[in-house]
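Text of the file input00.pdb, holding PDB, C-alpha atoms:
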```
ATOM      1  CA  MET P 236      65.486 -84.195  66.969
ATOM      2  CA  SER P 237      65.448 -84.889  70.687
ATOM      3  CA  GLY P 238      68.312 -86.799  72.225
ATOM      4  CA  LEU P 239      65.744 -88.784  74.209
ATOM      5  CA  ASN P 240      63.718 -89.989  71.267
ATOM      6  CA  HIS P 241      65.009 -93.538  71.719
ATOM      7  CA  LEU P 242      63.238 -93.794  75.088
ATOM      8  CA  SER P 243      59.786 -95.318  75.488
ATOM      9  CA  ASP P 244      56.825 -93.269  76.666
ATOM     10  CA  THR P 245      57.072 -94.942  80.065
ATOM     11  CA  GLU P 246      60.753 -94.014  80.400
ATOM     12  CA  LEU P 247      60.047 -90.437  79.354
ATOM     13  CA  VAL P 248      57.201 -90.173  81.857
ATOM     14  CA  ASP P 249      59.592 -91.442  84.545
ATOM     15  CA  LEU P 250      62.055 -88.694  83.625
ATOM     16  CA  CYS P 251      59.290 -86.108  83.828
ATOM     17  CA  ASN P 252      58.331 -87.457  87.247
ATOM     18  CA  THR P 253      61.778 -87.638  88.790
ATOM     19  CA  GLY P 254      64.423 -86.275  86.421
ATOM     20  CA  ASP P 255      66.432 -83.142  86.991
ATOM     21  CA  ARG P 256      65.326 -79.913  85.367
ATOM     22  CA  SER P 257      66.836 -80.215  81.905
ATOM     23  CA  ASP P 258      66.049 -83.920  81.558
ATOM     24  CA  ALA P 259      62.441 -83.361  82.620
ATOM     25  CA  VAL P 260      61.956 -80.523  80.155
ATOM     26  CA  GLU P 261      63.540 -82.508  77.332
ATOM     27  CA  ALA P 262      61.503 -85.618  78.174
ATOM     28  CA  TYR P 263      58.280 -83.624  78.160
ATOM     29  CA  GLU P 264      59.157 -81.972  74.859
ATOM     30  CA  THR P 265      59.894 -85.401  73.398
ATOM     31  CA  LEU P 266      56.505 -86.727  74.520
ATOM     32  CA  TYR P 267      54.833 -83.649  73.087
ATOM     33  CA  ALA P 268      56.604 -83.978  69.747
ATOM     34  CA  ARG P 269      55.757 -87.671  69.604
ATOM     35  CA  HIS P 270      52.040 -87.335  70.316
ATOM     36  CA  LYS P 271      50.962 -83.836  69.326
ATOM     37  CA  ASP P 272      49.689 -84.816  65.878
ATOM     38  CA  TYR P 273      47.679 -87.663  67.362
ATOM     39  CA  VAL P 274      46.073 -85.427  69.983
ATOM     40  CA  LEU P 275      45.277 -82.854  67.322
ATOM     41  CA  ARG P 276      43.600 -85.496  65.160
ATOM     42  CA  VAL P 277      41.509 -86.720  68.072
ATOM     43  CA  ALA P 278      40.557 -83.144  68.915
ATOM     44  CA  PHE P 279      39.616 -82.389  65.336
ATOM     45  CA  ARG P 280      37.334 -85.423  65.186
ATOM     46  CA  TYR P 281      35.321 -83.927  68.012
ATOM     47  CA  VAL P 282      35.404 -80.194  67.380
ATOM     48  CA  GLY P 283      35.837 -80.060  63.589
ATOM     49  CA  ASP P 284      37.522 -76.688  63.804
ATOM     50  CA  ALA P 285      41.239 -75.958  63.518
ATOM     51  CA  ASP P 286      41.401 -73.243  66.166
ATOM     52  CA  LEU P 287      39.347 -75.189  68.668
ATOM     53  CA  ALA P 288      41.422 -78.307  67.992
ATOM     54  CA  LEU P 289      44.563 -76.315  68.829
ATOM     55  CA  ASP P 290      42.952 -75.175  72.069
ATOM     56  CA  VAL P 291      42.202 -78.801  72.908
ATOM     57  CA  LEU P 292      45.802 -79.725  72.114
ATOM     58  CA  GLN P 293      47.194 -77.088  74.469
ATOM     59  CA  ASP P 294      44.734 -77.921  77.239
ATOM     60  CA  THR P 295      45.547 -81.610  76.927
ATOM     61  CA  PHE P 296      49.310 -81.240  77.196
ATOM     62  CA  SER P 297      48.945 -78.637  79.955
ATOM     63  CA  TYR P 298      46.836 -81.121  81.901
ATOM     64  CA  ILE P 299      49.465 -83.831  81.492
ATOM     65  CA  LEU P 300      52.237 -81.406  82.472
ATOM     66  CA  LYS P 301      50.497 -80.509  85.732
ATOM     67  CA  LYS P 302      50.527 -84.155  86.735
ATOM     68  CA  PHE P 303      54.311 -84.013  87.177
ATOM     69  CA  PRO P 304      55.801 -82.829  90.458
ATOM     70  CA  PRO P 305      55.796 -80.176  91.586
ATOM     71  CA  PRO P 306      52.925 -79.482  92.065
ATOM     72  CA  GLY P 307      51.584 -82.788  90.733
ATOM     73  CA  GLU P 308      52.129 -86.060  92.533
ATOM     74  CA  GLY P 309      53.470 -87.849  89.509
ATOM     75  CA  LEU P 310      51.907 -89.506  86.497
ATOM     76  CA  VAL P 311      51.351 -93.255  86.731
ATOM     77  CA  LEU P 312      50.574 -94.921  83.418
ATOM     78  CA  LYS P 313      48.021 -97.701  83.751
ATOM     79  CA  ALA P 314      47.704 -98.101  79.988
ATOM     80  CA  GLN P 315      49.457 -96.670  76.974
ATOM     81  CA  LEU P 316      50.054 -92.924  77.158
ATOM     82  CA  GLN P 317      48.090 -92.670  73.911
ATOM     83  CA  THR P 318      45.049 -94.018  75.738
ATOM     84  CA  LEU P 319      45.304 -91.385  78.444
ATOM     85  CA  LEU P 320      45.829 -88.660  75.852
ATOM     86  CA  TYR P 321      42.708 -89.774  74.008
ATOM     87  CA  VAL P 322      40.579 -89.572  77.143
ATOM     88  CA  VAL P 323      41.963 -86.179  78.176
ATOM     89  CA  ALA P 324      41.646 -84.769  74.654
ATOM     90  CA  ARG P 325      38.085 -86.033  74.345
ATOM     91  CA  ASN P 326      37.080 -84.506  77.666
ATOM     92  CA  ASN P 327      38.751 -81.222  76.782
ATOM     93  CA  ALA P 328      37.046 -81.206  73.389
ATOM     94  CA  ILE P 329      33.645 -81.728  74.983
ATOM     95  CA  SER P 330      34.387 -79.043  77.536
ATOM     96  CA  ILE P 331      35.418 -76.573  74.836
ATOM     97  CA  LEU P 332      32.341 -77.399  72.785
ATOM     98  CA  ARG P 333      30.216 -76.654  75.808
ATOM     99  CA  LYS P 334      31.906 -73.300  76.339
ATOM    100  CA  THR P 335      31.597 -72.301  72.714
ATOM    101  CA  ASN P 336      28.025 -73.520  72.544
ATOM    102  CA  LYS P 337      28.747 -75.504  69.437
ATOM    103  CA  GLY P 338      27.474 -78.795  70.737
ATOM    104  CA  GLU P 339      25.122 -80.813  68.636
ATOM    105  CA  ALA P 340      22.413 -80.452  71.260
ATOM    106  CA  GLY P 341      22.701 -76.703  71.660
ATOM    107  CA  GLY P 342      25.780 -76.951  73.825
ATOM    108  CA  GLU P 343      24.315 -79.488  76.229
ATOM    109  CA  ILE P 344      26.844 -82.235  75.695
ATOM    110  CA  ASP P 345      27.183 -84.736  78.483
ATOM    111  CA  PRO P 346      30.361 -86.818  78.187
ATOM    112  CA  ASP P 347      28.454 -89.845  79.433
ATOM    113  CA  ASP P 348      25.741 -89.450  76.881
ATOM    114  CA  LEU P 349      27.853 -88.541  73.911
ATOM    115  CA  PRO P 350      31.279 -90.101  74.074
ATOM    116  CA  ALA P 351      31.643 -90.530  70.348
ATOM    117  CA  PRO P 352      33.414 -88.164  67.988
ATOM    118  CA  ALA P 353      31.066 -85.948  66.056
ATOM    119  CA  TYR P 354      33.071 -85.830  62.802
ATOM    120  CA  ARG P 355      31.848 -82.324  62.410
ATOM    121  CA  ASP P 356      33.448 -81.631  59.094
ATOM    122  CA  SER P 357      32.674 -83.163  55.753
ATOM    123  CA  SER P 358      35.954 -85.027  55.680
ATOM    124  CA  ASP P 359      36.698 -88.235  53.844
ATOM    125  CA  LEU P 360      36.594 -90.037  57.163
ATOM    126  CA  ALA P 361      33.057 -88.854  57.841
ATOM    127  CA  THR P 362      32.114 -90.013  54.361
ATOM    128  CA  LEU P 363      33.680 -93.425  54.814
ATOM    129  CA  LEU P 364      31.962 -94.005  58.130
ATOM    130  CA  ARG P 365      28.596 -92.679  57.000
ATOM    131  CA  GLY P 366      25.856 -95.031  58.102
ATOM    132  CA  LEU P 367      27.487 -95.995  61.394
ATOM    133  CA  THR P 368      26.186 -94.806  64.732
ATOM    134  CA  PRO P 369      28.434 -92.410  66.700
ATOM    135  CA  GLY P 370      29.423 -95.257  69.021
ATOM    136  CA  GLN P 371      30.282 -97.521  66.088
ATOM    137  CA  LYS P 372      32.333 -94.766  64.455
ATOM    138  CA  GLU P 373      34.287 -94.271  67.640
ATOM    139  CA  ILE P 374      35.119 -97.922  68.155
ATOM    140  CA  VAL P 375      36.177 -98.349  64.518
ATOM    141  CA  THR P 376      38.331 -95.248  64.797
ATOM    142  CA  LEU P 377      39.962 -96.362  68.016
ATOM    143  CA  ARG P 378      40.647 -99.863  66.760
ATOM    144  CA  PHE P 379      41.647 -99.406  63.136
ATOM    145  CA  ILE P 380      42.938 -95.839  62.896
ATOM    146  CA  ASP P 381      44.476 -95.396  66.329
ATOM    147  CA  ASP P 382      45.493 -99.083  66.526
ATOM    148  CA  LEU P 383      44.554 -99.300  70.184
ATOM    149  CA  PRO P 384      44.270-102.722  71.824
ATOM    150  CA  LEU P 385      40.765-103.795  72.785
ATOM    151  CA  ARG P 386      41.612-103.557  76.474
ATOM    152  CA  ASP P 387      42.663 -99.909  76.089
ATOM    153  CA  ILE P 388      39.483 -99.197  74.153
ATOM    154  CA  GLY P 389      37.583-100.636  77.101
ATOM    155  CA  GLU P 390      39.460 -98.227  79.388
ATOM    156  CA  ILE P 391      38.616 -95.279  77.183
ATOM    157  CA  LEU P 392      34.952 -96.124  76.801
ATOM    158  CA  ASN P 393      34.713 -97.399  80.364
ATOM    159  CA  ILE P 394      33.167-100.688  79.278
ATOM    160  CA  PRO P 395      34.190-104.332  79.830
ATOM    161  CA  LEU P 396      36.286-106.185  77.268
ATOM    162  CA  GLY P 397      33.332-108.368  76.265
ATOM    163  CA  THR P 398      31.267-105.310  75.454
ATOM    164  CA  VAL P 399      34.123-103.876  73.398
ATOM    165  CA  LYS P 400      34.239-107.084  71.367
ATOM    166  CA  SER P 401      30.507-107.181  70.733
ATOM    167  CA  ARG P 402      30.378-103.487  69.827
ATOM    168  CA  LEU P 403      33.283-103.891  67.453
ATOM    169  CA  HIS P 404      31.639-106.909  65.853
ATOM    170  CA  LYS P 405      28.426-104.956  65.289
ATOM    171  CA  ALA P 406      30.377-101.973  63.988
ATOM    172  CA  ILE P 407      32.146-104.124  61.411
ATOM    173  CA  ASP P 408      28.820-105.623  60.365
ATOM    174  CA  ALA P 409      27.465-102.130  59.893
ATOM    175  CA  LEU P 410      30.580-101.138  57.985
ATOM    176  CA  ARG P 411      30.048-104.010  55.541
ATOM    177  CA  LYS P 412      26.766-102.381  54.578
ATOM    178  CA  ALA P 413      27.982 -98.779  54.682
ATOM    179  CA  PRO P 414      27.712 -97.202  51.235
ATOM    180  CA  GLY P 415      31.096 -95.503  51.473
ATOM    181  CA  VAL P 416      33.113 -98.669  52.006
ATOM    182  CA  ILE P 417      31.057-101.619  50.778
ATOM    183  CA  ALA P 418      33.301-101.953  47.747
ATOM    184  CA  PHE P 419      36.304-102.719  49.952
ATOM    185  CA  PHE P 420      34.604-105.880  51.178
ATOM    186  CA  GLU P 421      33.784-107.073  47.670
ATOM    187  CA  LYS P 422      37.377-107.071  46.476
TER     188      LYS P 422
ATOM    189  CA  MET I 216      48.976-106.949  71.741
ATOM    190  CA  HIS I 217      46.579-109.624  72.950
ATOM    191  CA  GLU I 218      45.140-112.498  70.965
ATOM    192  CA  GLU I 219      41.670-110.982  71.006
ATOM    193  CA  ASP I 220      42.997-107.965  69.116
ATOM    194  CA  ASN I 221      43.353-110.034  65.969
ATOM    195  CA  LEU I 222      39.884-111.537  65.957
ATOM    196  CA  GLU I 223      38.056-108.727  64.220
ATOM    197  CA  THR I 224      39.736-107.294  61.176
ATOM    198  CA  LEU I 225      38.993-105.163  58.154
ATOM    199  CA  PRO I 226      40.428-105.421  54.652
ATOM    200  CA  ASP I 227      43.929-103.922  54.606
ATOM    201  CA  GLU I 228      43.005-101.472  51.861
ATOM    202  CA  LEU I 229      40.083-100.168  53.891
ATOM    203  CA  VAL I 230      42.269 -99.725  56.967
ATOM    204  CA  ALA I 231      44.789 -97.824  54.853
ATOM    205  CA  GLU I 232      42.010 -95.647  53.451
ATOM    206  CA  LEU I 233      40.627 -94.931  56.913
ATOM    207  CA  LYS I 234      44.065 -93.929  58.186
ATOM    208  CA  LYS I 235      44.711 -91.758  55.168
ATOM    209  CA  SER I 236      41.377 -90.005  55.559
ATOM    210  CA  ASP I 237      42.146 -89.156  59.188
ATOM    211  CA  LYS I 238      45.430 -87.445  58.313
ATOM    212  CA  ARG I 239      45.459 -83.776  57.701
ATOM    213  CA  GLY I 240      48.199 -81.236  57.334
ATOM    214  CA  SER I 241      49.562 -80.223  60.698
ATOM    215  CA  LEU I 242      47.940 -77.104  62.072
ATOM    216  CA  ILE I 243      50.395 -76.815  64.894
ATOM    217  CA  THR I 244      52.408 -73.649  64.616
ATOM    218  CA  ALA I 245      55.799 -72.927  66.121
ATOM    219  CA  ARG I 246      54.023 -70.529  68.492
ATOM    220  CA  VAL I 247      52.010 -73.385  69.977
ATOM    221  CA  ASP I 248      55.160 -75.504  70.312
ATOM    222  CA  ARG I 249      56.986 -72.651  72.043
ATOM    223  CA  SER I 250      54.072 -71.965  74.336
ATOM    224  CA  LEU I 251      54.029 -75.543  75.632
ATOM    225  CA  ALA I 252      57.828 -75.660  75.878
ATOM    226  CA  ASN I 253      57.730 -72.506  78.011
ATOM    227  CA  LEU I 254      55.086 -74.031  80.242
ATOM    228  CA  ALA I 255      57.320 -77.068  80.743
ATOM    229  CA  ARG I 256      60.309 -74.899  81.666
ATOM    230  CA  GLU I 257      58.185 -73.025  84.204
ATOM    231  CA  GLN I 258      56.778 -76.263  85.610
ATOM    232  CA  PHE I 259      60.184 -77.849  86.124
ATOM    233  CA  ALA I 260      62.029 -74.658  87.138
ATOM    234  CA  SER I 261      62.182 -75.671  90.792
ATOM    235  CA  ARG I 262      63.852 -78.998  89.995
ATOM    236  CA  PRO I 263      67.589 -79.157  90.711
ATOM    237  CA  GLU I 264      69.893 -78.943  87.745
ATOM    238  CA  LYS I 265      72.489 -81.668  87.557
ATOM    239  CA  ARG I 266      76.170 -80.754  87.539
ATOM    240  CA  ARG I 267      77.567 -81.288  84.130
ATOM    241  CA  ARG I 268      80.319 -83.868  84.205
ATOM    242  CA  ILE I 269      82.370 -83.354  81.123
ATOM    243  CA  ALA I 270      85.389 -85.588  80.935
ATOM    244  CA  PRO I 271      88.371 -83.679  79.591
ATOM    245  CA  ALA I 272      89.271 -84.817  76.117
ATOM    246  CA  TRP I 273      92.747 -86.195  75.609
ATOM    247  CA  TYR I 274      93.217 -84.279  72.431
ATOM    248  CA  ALA I 275      92.340 -81.077  74.241
ATOM    249  CA  VAL I 276      94.979 -81.737  76.894
ATOM    250  CA  ALA I 277      97.552 -82.538  74.227
ATOM    251  CA  ALA I 278      96.664 -79.368  72.355
ATOM    252  CA  THR I 279      97.086 -77.368  75.554
ATOM    253  CA  VAL I 280     100.530 -78.840  76.164
ATOM    254  CA  LEU I 281     101.580 -77.963  72.622
ATOM    255  CA  LEU I 282     100.204 -74.475  73.025
ATOM    256  CA  ALA I 283     101.988 -74.099  76.331
ATOM    257  CA  VAL I 284     105.341 -75.081  74.866
ATOM    258  CA  LEU I 285     104.968 -72.627  72.027
ATOM    259  CA  VAL I 286     103.395 -69.696  73.789
ATOM    260  CA  VAL I 287     104.450 -69.594  77.414
ATOM    261  CA  PRO I 288     107.976 -68.312  76.791
ATOM    262  CA  LEU I 289     106.439 -65.371  75.002
ATOM    263  CA  SER I 290     103.572 -64.635  77.262
ATOM    264  CA  ASN I 291     102.325 -65.865  80.583
ATOM    265  CA  ARG I 292      98.805 -64.561  80.354
ATOM    266  CA  PHE I 293      96.901 -67.746  81.163
ATOM    267  CA  GLY I 294      95.049 -68.441  84.378
ATOM    268  CA  THR I 295      96.650 -69.726  87.517
ATOM    269  CA  VAL I 296      96.300 -73.267  88.700
ATOM    270  CA  ASP I 297      94.621 -74.197  91.947
ATOM    271  CA  ASP I 298      97.343 -75.167  94.470
ATOM    272  CA  GLY I 299      95.326 -78.251  95.320
ATOM    273  CA  LEU I 300      95.561 -79.466  91.754
ATOM    274  CA  TYR I 301      99.251 -78.714  91.330
ATOM    275  CA  ALA I 302     100.502 -81.987  92.758
ATOM    276  CA  ASP I 303     102.513 -85.079  92.029
ATOM    277  CA  VAL I 304      99.500 -86.998  90.847
ATOM    278  CA  ASP I 305     101.367 -90.042  89.552
ATOM    279  CA  ASN I 306     103.770 -90.193  92.534
ATOM    280  CA  SER I 307     106.791 -90.034  90.270
ATOM    281  CA  GLY I 308     108.673 -87.712  92.598
ATOM    282  CA  GLN I 309     108.218 -84.653  90.446
ATOM    283  CA  ILE I 310     105.435 -82.571  89.020
ATOM    284  CA  ASP I 311     105.461 -82.664  85.257
ATOM    285  CA  ILE I 312     103.239 -83.003  82.240
ATOM    286  CA  ALA I 313     102.685 -86.676  83.044
ATOM    287  CA  ASP I 314     100.776 -85.524  86.122
ATOM    288  CA  VAL I 315      98.478 -83.424  83.943
ATOM    289  CA  LEU I 316      97.703 -86.380  81.728
ATOM    290  CA  THR I 317      97.179 -88.669  84.705
ATOM    291  CA  LEU I 318      94.828 -86.175  86.293
ATOM    292  CA  ALA I 319      92.893 -85.833  83.041
ATOM    293  CA  ARG I 320      92.531 -89.605  82.855
ATOM    294  CA  ARG I 321      91.431 -90.036  86.454
ATOM    295  CA  SER I 322      89.283 -86.970  87.007
ATOM    296  CA  ASP I 323      86.051 -88.286  85.442
ATOM    297  CA  GLY I 324      84.783 -84.779  85.003
ATOM    298  CA  GLU I 325      85.595 -83.579  88.511
ATOM    299  CA  VAL I 326      88.330 -81.354  87.140
ATOM    300  CA  THR I 327      87.361 -78.953  84.408
ATOM    301  CA  GLN I 328      89.167 -78.530  81.125
ATOM    302  CA  ALA I 329      90.143 -75.009  82.158
ATOM    303  CA  GLU I 330      91.753 -76.285  85.359
ATOM    304  CA  LEU I 331      93.699 -78.889  83.418
ATOM    305  CA  ASN I 332      94.800 -76.276  80.935
ATOM    306  CA  ALA I 333      96.060 -74.052  83.747
ATOM    307  CA  PHE I 334      97.901 -77.003  85.307
ATOM    308  CA  ALA I 335      99.575 -77.819  81.995
ATOM    309  CA  MET I 336     100.543 -74.218  81.428
ATOM    310  CA  LYS I 337     102.112 -73.942  84.865
ATOM    311  CA  VAL I 338     104.086 -77.174  84.436
ATOM    312  CA  VAL I 339     105.430 -76.060  81.077
ATOM    313  CA  SER I 340     106.091 -72.558  82.313
ATOM    314  CA  LEU I 341     108.145 -73.753  85.295
ATOM    315  CA  ALA I 342     110.028 -76.262  83.187
ATOM    316  CA  ASP I 343     110.840 -73.564  80.679
ATOM    317  CA  SER I 344     112.184 -71.238  83.355
ATOM    318  CA  GLY I 345     114.321 -73.983  84.835
ATOM    319  CA  GLU I 346     112.420 -74.325  88.085
ATOM    320  CA  THR I 347     111.851 -77.781  89.431
ATOM    321  CA  SER I 348     109.253 -79.160  91.745
TER     322      SER I 348
END
```

Since I need it in another form, could you write the structure as structure tokens?
Amino acid sequence: MSGLNHLSDTELVDLCNTGDRSDAVEAYETLYARHKDYVLRVAFRYVGDADLALDVLQDTFSYILKKFPPPGEGLVLKAQLQTLLYVVARNNAISILRKTNKGEAGGEIDPDDLPAPAYRDSSDLATLLRGLTPGQKEIVTLRFIDDLPLRDIGEILNIPLGTVKSRLHKAIDALRKAPGVIAFFEK
Amino acid sequence: MHEEDNLETLPDELVAELKKSDKRGSLITARVDRSLANLAREQFASRPEKRRRIAPAWYAVAATVLLAVLVVPLSNRFGTVDDGLYADVDNSGQIDIADVLTLARRSDGEVTQAELNAFAMKVVSLADSGETS
């Protein structure tokens, strides 16, 4: 257990930016321990493969690490760290899918065209969300599994808050009719 | 959390089911953890390392004094004290064990435990041999 575990993400990022050597290393390791399972879950949603998800995990935390000086200029959090990790993990997942040619469209995955997780395995989650569009699955996942605020979801999807609200509303409507979960609404 | 975050909700049981379905056993091996830890150490290697400031523990000083009383007459094999440290710290007019304790209290980590130990040993050693300061 890290001795810095009582610190917030923002405080740990500050230590990584400006702390001395041992504090910076310990702060980074604390952030990694705190968020690695989350990043792995996000990665797995996209790539559906354990080995590829681990590659995404390592690429994501390496990317974050390089933001700290030197040589980085320092990491400035504009939203929750979790939000940044989601975006970086998603981009890395798409990049890895491109390289491995496992994309749904023969490896031609454009992040702007396909921002939603593919749920490539036959997991319970894929079953529950069956019937939703990829965009609806993503917004439900971000809101109700990752517990992200609507504003952070807007940052991730690069859409205004109003659009987040309307998409979420439509996603919940679709969920009410989804065969995997309709029973939950009838209780 | 903003007010708008509570406008759209799902049944609690469904949320719990969704969260449960997204969990899977951790695939992250110790090798992956070590790999990223090593990267972090490399990344931050050029950062300065802070000087450790360890305040001497009172019990450690007391133990040293006891050890000095018992052992010094038999053997004087401990380290020598820095002349700068061997001083009348409490301005009592003589250098004695009270100076060691005062120094330990005031040093705030600037003086190491080893230096204090050597100071205590010298004080006890001189007292035992009848020398005065």

> To one decimal place, how far is CA of Lys372 in chain P from CA of Leu233 in chain I in Å?
Replying inline: 11.2 Å

>> Here's the selection I'm unsure about, the PyMOL selection byres ((chain I and resi 258-265) around 7); applied to the file above, which residues does it give, as a ChimeraX atom specification?
In response: /P:255-257,259-260 /I:254-257,266-267

> Can you tell me how far CA of Glu228 in chain I sits from CA of Arg269 in chain P, in Å to one decimal?
Replying inline: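 Value for the CA of Glu228 in chain I-CA of Arg269 in chain P distance: 25.8 Å.
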
>> Given all atoms listed in the file as the basis, pick out the residue of P:Val282, P:Ile391, P:Arg411, P:Ser330 nearest to chain I.
In response: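 That would be P:Arg411, the residue with the smallest distance to chain I.
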
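Candidate residues P:Leu250, P:Leu289, P:Leu266, P:Val375 were compared for distance to Ser241 in chain I, and the nearest is P:Leu289, using all atoms listed in the file.
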
Once you count only C-alpha atoms, what closest atom pair and distance in Å to one decimal does each residue of chain P within 8 Å of chain I have, with rows by chain and rising residue number, as JSON lines?
```
{"residue": "P:Asp255", "atom": "CA", "partner": "I:Glu264", "partner_atom": "CA", "distance": 5.5}
{"residue": "P:Arg256", "atom": "CA", "partner": "I:Arg262", "partner_atom": "CA", "distance": 4.9}
{"residue": "P:Ser257", "atom": "CA", "partner": "I:Glu264", "partner_atom": "CA", "distance": 6.7}
{"residue": "P:Ala259", "atom": "CA", "partner": "I:Phe259", "partner_atom": "CA", "distance": 6.9}
{"residue": "P:Val260", "atom": "CA", "partner": "I:Ala255", "partner_atom": "CA", "distance": 5.8}
{"residue": "P:Tyr263", "atom": "CA", "partner": "I:Ala255", "partner_atom": "CA", "distance": 7.1}
{"residue": "P:Glu264", "atom": "CA", "partner": "I:Ala252", "partner_atom": "CA", "distance": 6.5}
{"residue": "P:Asp272", "atom": "CA", "partner": "I:Ser241", "partner_atom": "CA", "distance": 6.9}
{"residue": "P:Arg276", "atom": "CA", "partner": "I:Asp237", "partner_atom": "CA", "distance": 7.2}
{"residue": "P:Ala285", "atom": "CA", "partner": "I:Leu242", "partner_atom": "CA", "distance": 7.0}
{"residue": "P:Leu289", "atom": "CA", "partner": "I:Ile243", "partner_atom": "CA", "distance": 7.1}
{"residue": "P:Gln293", "atom": "CA", "partner": "I:Leu251", "partner_atom": "CA", "distance": 7.1}
{"residue": "P:Phe296", "atom": "CA", "partner": "I:Leu251", "partner_atom": "CA", "distance": 7.6}
{"residue": "P:Ser297", "atom": "CA", "partner": "I:Leu251", "partner_atom": "CA", "distance": 7.4}
{"residue": "P:Leu300", "atom": "CA", "partner": "I:Ala255", "partner_atom": "CA", "distance": 6.9}
{"residue": "P:Lys301", "atom": "CA", "partner": "I:Gln258", "partner_atom": "CA", "distance": 7.6}
{"residue": "P:Pro304", "atom": "CA", "partner": "I:Phe259", "partner_atom": "CA", "distance": 7.9}
{"residue": "P:Pro305", "atom": "CA", "partner": "I:Gln258", "partner_atom": "CA", "distance": 7.2}
{"residue": "P:Ser358", "atom": "CA", "partner": "I:Ser236", "partner_atom": "CA", "distance": 7.4}
{"residue": "P:Asp359", "atom": "CA", "partner": "I:Ser236", "partner_atom": "CA", "distance": 5.3}
{"residue": "P:Leu360", "atom": "CA", "partner": "I:Ser236", "partner_atom": "CA", "distance": 5.0}
{"residue": "P:Leu363", "atom": "CA", "partner": "I:Leu233", "partner_atom": "CA", "distance": 7.4}
{"residue": "P:Phe379", "atom": "CA", "partner": "I:Val230", "partner_atom": "CA", "distance": 6.2}
{"residue": "P:Ile380", "atom": "CA", "partner": "I:Lys234", "partner_atom": "CA", "distance": 5.2}
{"residue": "P:Pro384", "atom": "CA", "partner": "I:Asp220", "partner_atom": "CA", "distance": 6.0}
{"residue": "P:Leu385", "atom": "CA", "partner": "I:Asp220", "partner_atom": "CA", "distance": 6.0}
{"residue": "P:Leu403", "atom": "CA", "partner": "I:Glu223", "partner_atom": "CA", "distance": 7.5}
{"residue": "P:His404", "atom": "CA", "partner": "I:Glu223", "partner_atom": "CA", "distance": 6.9}
{"residue": "P:Ile407", "atom": "CA", "partner": "I:Leu225", "partner_atom": "CA", "distance": 7.7}
{"residue": "P:Val416", "atom": "CA", "partner": "I:Leu229", "partner_atom": "CA", "distance": 7.4}
{"residue": "P:Phe419", "atom": "CA", "partner": "I:Leu229", "partner_atom": "CA", "distance": 6.0}
{"residue": "P:Phe420", "atom": "CA", "partner": "I:Pro226", "partner_atom": "CA", "distance": 6.8}
```

Kindly save the residues from that selection, with C-alpha atoms included, as a PDB file, keeping the file's coordinate frame.
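To be explicit, this is the file written out as result06.pdb:
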```
ATOM      1  CA  ASP P 255      66.432 -83.142  86.991  1.00  0.00           C
ATOM      2  CA  ARG P 256      65.326 -79.913  85.367  1.00  0.00           C
ATOM      3  CA  SER P 257      66.836 -80.215  81.905  1.00  0.00           C
ATOM      4  CA  ALA P 259      62.441 -83.361  82.620  1.00  0.00           C
ATOM      5  CA  VAL P 260      61.956 -80.523  80.155  1.00  0.00           C
ATOM      6  CA  TYR P 263      58.280 -83.624  78.160  1.00  0.00           C
ATOM      7  CA  GLU P 264      59.157 -81.972  74.859  1.00  0.00           C
ATOM      8  CA  ASP P 272      49.689 -84.816  65.878  1.00  0.00           C
ATOM      9  CA  ARG P 276      43.600 -85.496  65.160  1.00  0.00           C
ATOM     10  CA  ALA P 285      41.239 -75.958  63.518  1.00  0.00           C
ATOM     11  CA  LEU P 289      44.563 -76.315  68.829  1.00  0.00           C
ATOM     12  CA  GLN P 293      47.194 -77.088  74.469  1.00  0.00           C
ATOM     13  CA  PHE P 296      49.310 -81.240  77.196  1.00  0.00           C
ATOM     14  CA  SER P 297      48.945 -78.637  79.955  1.00  0.00           C
ATOM     15  CA  LEU P 300      52.237 -81.406  82.472  1.00  0.00           C
ATOM     16  CA  LYS P 301      50.497 -80.509  85.732  1.00  0.00           C
ATOM     17  CA  PRO P 304      55.801 -82.829  90.458  1.00  0.00           C
ATOM     18  CA  PRO P 305      55.796 -80.176  91.586  1.00  0.00           C
ATOM     19  CA  SER P 358      35.954 -85.027  55.680  1.00  0.00           C
ATOM     20  CA  ASP P 359      36.698 -88.235  53.844  1.00  0.00           C
ATOM     21  CA  LEU P 360      36.594 -90.037  57.163  1.00  0.00           C
ATOM     22  CA  LEU P 363      33.680 -93.425  54.814  1.00  0.00           C
ATOM     23  CA  PHE P 379      41.647 -99.406  63.136  1.00  0.00           C
ATOM     24  CA  ILE P 380      42.938 -95.839  62.896  1.00  0.00           C
ATOM     25  CA  PRO P 384      44.270-102.722  71.824  1.00  0.00           C
ATOM     26  CA  LEU P 385      40.765-103.795  72.785  1.00  0.00           C
ATOM     27  CA  LEU P 403      33.283-103.891  67.453  1.00  0.00           C
ATOM     28  CA  HIS P 404      31.639-106.909  65.853  1.00  0.00           C
ATOM     29  CA  ILE P 407      32.146-104.124  61.411  1.00  0.00           C
ATOM     30  CA  VAL P 416      33.113 -98.669  52.006  1.00  0.00           C
ATOM     31  CA  PHE P 419      36.304-102.719  49.952  1.00  0.00           C
ATOM     32  CA  PHE P 420      34.604-105.880  51.178  1.00  0.00           C
TER      33      PHE P 420
END
```

Which polymer residues have any atom within 10 Å of an atom of Lys412 in chain P, counting all atoms listed in the file, with same-chain residues fewer than 6 positions away left out, as a PDB file with C-alpha atoms, keeping the file's coordinate frame?
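Wrote around23.pdb, looks like this:
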```pdb
ATOM      1  CA  GLY P 366      25.856 -95.031  58.102  1.00  0.00           C
ATOM      2  CA  LEU P 367      27.487 -95.995  61.394  1.00  0.00           C
ATOM      3  CA  ALA P 418      33.301-101.953  47.747  1.00  0.00           C
ATOM      4  CA  PHE P 420      34.604-105.880  51.178  1.00  0.00           C
TER       5      PHE P 420
END
```
